[in-house]
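Report on the following structure.
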Amino acid sequence: MSARGASVGLWFVSAAVALSLQAGRPVHAEDSCVAAACHAKIVAAKNVHPALQGGCTSCHNPHGSKYAKLLPEEGAGVCFACHDAIGEKVQKAPVVHAAVKSEKNCASCHTPHAGDHAKLLLATEKDTCLGCHKTIVTASMTTLHGPIKDGKCTPCHDPHGGPNAKLLVGAFPTDPYVPYTDTAYALCFSCHKRDLLQYADTSFATGFRDGERNLHFLHVNNKQKGRSCRMCHSLHGGTQPKLIADSVPFGKWSLPVKFVKTETGGSCAPGCHQPQSYDRKNPGKKPEPAK
């Protein structure tokens, strides 16, 4: 920096300090650190890290440190000094988000100073996640799971750590066949109503029925060999209505479902059973395809 540039920089810092004194408030580190000549761009965004209310020294040593960025310690420990509940969760959780344990740790998903998105995320919630998990949602998907359609991943996944595989916020079985209990599929039924598979006959609890014969009950509510939700449904998105999967796993094979939706029901012809159809108004009758 030239002598003239240094003089201008010192003028900005001095002006910031003077204005603070005139206003009768203490001179915090941010008055000088983010002066126009220094780190002004760091806080030039809609949402500013609340730690800056206590000054830049909340997170940085202004004189020197053995750690990069003049931080008081290395890694996520700086963040966990304030965000202690998240720190404790990460420390105790059997499953931890890989991003938290990476070299960038918290900065993999969050900007530490200021940003335009909630939670100081680097982008919207969905785009932040899909920045790494690039194959979860594809351009070919015409139907998205409700939370993803709303731009959210956290209704189903904990972004930091938790007790369940895939960072799921509730229990979900990994096996395709599951003996059904009233506590099974806790993840799914945190949003969906368990009524849809509790009654062998119903006229209201589910649209997947032949007349009043509940086909969700038939498939899932089986204490010996119930079918998991993921046997028939895509979890994140797909090309079929109701997130019906294009194919189902069957041993070593992947069998096409060939689902066809109608106005009052539908049909499928997978390799796991003979072609079947259902109709809410005309049970037992093969319905006409929806126009």
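Just remember, in the structure tokens the first chain shown is A, the second B, etc., residues are 1-based per chain, and ligands are 1-based in the order shown.
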
- DSSP strand (DSSP E) residues within stretch 87-221 of chain A, as number ranges by chain: A: 95-96, 114-115, 143-144, 161-162, 177-178, 209-210, 213-214

Those same residues, written as a CSV table (one decimal), in the first residue's frame with N, CA, C and O atoms?
chain,number,residue,atom,x,y,z
A,95,VAL,N,-23.5,-40.6,14.4
A,95,VAL,CA,-23.4,-40.2,13.0
A,95,VAL,C,-23.2,-38.7,12.9
A,95,VAL,O,-24.0,-37.9,13.4
A,96,VAL,N,-22.1,-38.3,12.3
A,96,VAL,CA,-21.8,-36.8,12.2
A,96,VAL,C,-21.7,-36.4,10.8
A,96,VAL,O,-21.1,-37.2,10.0
A,114,ALA,N,-21.1,-12.7,7.5
A,114,ALA,CA,-22.4,-12.2,7.0
A,114,ALA,C,-22.8,-12.8,5.7
A,114,ALA,O,-21.9,-13.2,4.9
A,115,GLY,N,-24.1,-12.9,5.5
A,115,GLY,CA,-24.6,-13.5,4.2
A,115,GLY,C,-26.0,-13.1,4.0
A,115,GLY,O,-26.6,-12.5,4.8
A,143,THR,N,-41.6,-34.7,-9.9
A,143,THR,CA,-42.3,-34.7,-8.6
A,143,THR,C,-41.3,-34.8,-7.5
A,143,THR,O,-40.4,-35.6,-7.5
A,144,LEU,N,-41.4,-33.8,-6.6
A,144,LEU,CA,-40.4,-33.7,-5.5
A,144,LEU,C,-41.1,-34.0,-4.2
A,144,LEU,O,-42.3,-33.6,-4.0
A,161,GLY,N,-25.5,-33.7,13.3
A,161,GLY,CA,-25.2,-35.1,13.8
A,161,GLY,C,-26.5,-35.6,14.4
A,161,GLY,O,-27.4,-34.9,14.8
A,162,GLY,N,-26.5,-36.9,14.6
A,162,GLY,CA,-27.6,-37.6,15.2
A,162,GLY,C,-27.4,-39.1,15.4
A,162,GLY,O,-26.4,-39.6,15.0
A,177,TYR,N,-37.9,-55.3,3.7
A,177,TYR,CA,-39.0,-56.0,4.4
A,177,TYR,C,-38.9,-55.8,5.9
A,177,TYR,O,-37.8,-56.1,6.5
A,178,VAL,N,-40.0,-55.3,6.5
A,178,VAL,CA,-39.9,-54.9,7.9
A,178,VAL,C,-41.1,-55.4,8.7
A,178,VAL,O,-42.3,-55.1,8.3
A,209,ARG,N,-56.6,-47.5,-2.1
A,209,ARG,CA,-57.5,-48.5,-1.6
A,209,ARG,C,-58.4,-48.9,-2.8
A,209,ARG,O,-58.7,-48.2,-3.8
A,210,ASP,N,-58.9,-50.1,-2.7
A,210,ASP,CA,-59.8,-50.7,-3.7
A,210,ASP,C,-61.2,-50.7,-3.1
A,210,ASP,O,-61.4,-51.6,-2.2
A,213,ARG,N,-61.0,-51.4,0.8
A,213,ARG,CA,-59.9,-52.3,1.1
A,213,ARG,C,-58.6,-51.5,1.1
A,213,ARG,O,-58.2,-51.0,0.1
A,214,ASN,N,-58.0,-51.3,2.3
A,214,ASN,CA,-56.8,-50.5,2.4
A,214,ASN,C,-55.6,-51.2,1.9
A,214,ASN,O,-55.1,-52.2,2.5

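Near A:Gly271, within 8 Å and counting only C-alpha atoms, sit A:Leu255, A:Pro256, A:Val257; same-chain residues fewer than 5 positions away were not included.
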
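Of the listed residues (A:Asp182, A:Glu125, A:Asp116, A:Glu74), A:Glu125 comes nearest to A:Pro155; the distances count only C-alpha atoms.
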
- Query: What lies within 8 Å of A:His113 using only C-alpha atoms, ignoring chain neighbours under 2 positions off, as JSON, numbers by chain?
  - Reply: {"A": [42, 43, 48, 49, 52, 111, 115, 120]}

- Message: Neighbouring residues of stretch 206-208 of chain A were defined as those with any atom within 10 Å, considering only C-alpha atoms; residues of the same chain fewer than 5 positions away were excluded. Please report them as a PyMOL selection string.
- Response: chain A and resi 193+195-197+199+201+213-217+264-266+278-280

Selected residues written out, N, CA and C atoms, as a short mmCIF file (atom, residue, chain, number, x, y, z; two decimals), in the first residue's frame:
data_model
loop_
_atom_site.label_atom_id
_atom_site.label_comp_id
_atom_site.auth_asym_id
_atom_site.auth_seq_id
_atom_site.Cartn_x
_atom_site.Cartn_y
_atom_site.Cartn_z
N LYS A 193 -49.81 -39.11 8.37
CA LYS A 193 -50.66 -39.69 9.40
C LYS A 193 -50.57 -41.22 9.36
N ASP A 195 -52.65 -43.19 10.34
CA ASP A 195 -53.97 -43.75 10.01
C ASP A 195 -53.98 -44.46 8.66
N LEU A 196 -53.13 -44.01 7.74
CA LEU A 196 -53.22 -44.52 6.37
C LEU A 196 -52.91 -46.01 6.27
N LEU A 197 -52.31 -46.60 7.33
CA LEU A 197 -52.04 -48.03 7.26
C LEU A 197 -52.48 -48.79 8.52
N TYR A 199 -55.82 -49.33 9.39
CA TYR A 199 -57.13 -49.97 9.25
C TYR A 199 -57.18 -50.83 7.99
N ASP A 201 -59.80 -51.76 6.51
CA ASP A 201 -60.83 -51.16 5.66
C ASP A 201 -61.02 -49.70 6.05
N ARG A 213 -61.05 -51.37 0.76
CA ARG A 213 -59.94 -52.26 1.11
C ARG A 213 -58.64 -51.46 1.09
N ASN A 214 -58.02 -51.32 2.26
CA ASN A 214 -56.84 -50.47 2.43
C ASN A 214 -55.59 -51.21 1.93
N LEU A 215 -55.03 -50.73 0.82
CA LEU A 215 -53.88 -51.39 0.23
C LEU A 215 -52.57 -50.98 0.89
N HIS A 216 -52.54 -49.82 1.58
CA HIS A 216 -51.39 -49.49 2.42
C HIS A 216 -51.29 -50.50 3.57
N PHE A 217 -52.42 -50.78 4.18
CA PHE A 217 -52.47 -51.78 5.25
C PHE A 217 -51.98 -53.12 4.74
N THR A 264 -59.60 -42.38 -10.42
CA THR A 264 -60.12 -42.94 -9.16
C THR A 264 -59.28 -44.10 -8.63
N GLY A 265 -58.07 -44.27 -9.14
CA GLY A 265 -57.22 -45.35 -8.67
C GLY A 265 -55.95 -45.45 -9.47
N GLY A 266 -55.59 -46.69 -9.85
CA GLY A 266 -54.38 -46.87 -10.61
C GLY A 266 -54.06 -48.35 -10.77
N TYR A 278 -56.52 -50.97 -8.82
CA TYR A 278 -57.42 -50.61 -7.73
C TYR A 278 -58.26 -49.42 -8.16
N ASP A 279 -59.46 -49.37 -7.59
CA ASP A 279 -60.38 -48.28 -7.92
C ASP A 279 -61.22 -47.97 -6.69
N ARG A 280 -61.17 -46.73 -6.29
CA ARG A 280 -61.87 -46.34 -5.06
C ARG A 280 -63.39 -46.38 -5.22
#

- Task: Would you kindly return, as a PyMOL selection string, each protein, DNA or RNA residue with an atom no farther than 6 Å from any atom of stretch 228-235 of chain A, considering only C-alpha atoms and excluding same-chain residues fewer than 6 positions away?
- Result: chain A and resi 176-177+243-245+248

- A straight line from atom CA of A:Gly55 to atom CA of A:Ala76 spans 19.3 Å

- Running DSSP on the backbone, which parts of stretch 15-237 of chain A land in alpha helix (DSSP H), as JSON, numbers by chain? {"A": [15, 16, 17, 18, 19, 20, 21, 22, 29, 30, 31, 32, 33, 77, 78, 79, 80, 84, 85, 86, 87, 88, 89, 90, 91, 92, 98, 99, 100, 101, 125, 126, 127, 128, 129, 130, 146, 147, 148, 149, 215, 216, 217, 218, 219, 220]}

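Atom to atom, atom CA of A:Phe259 and atom CA of A:Gly284 stand 17.2 Å apart.
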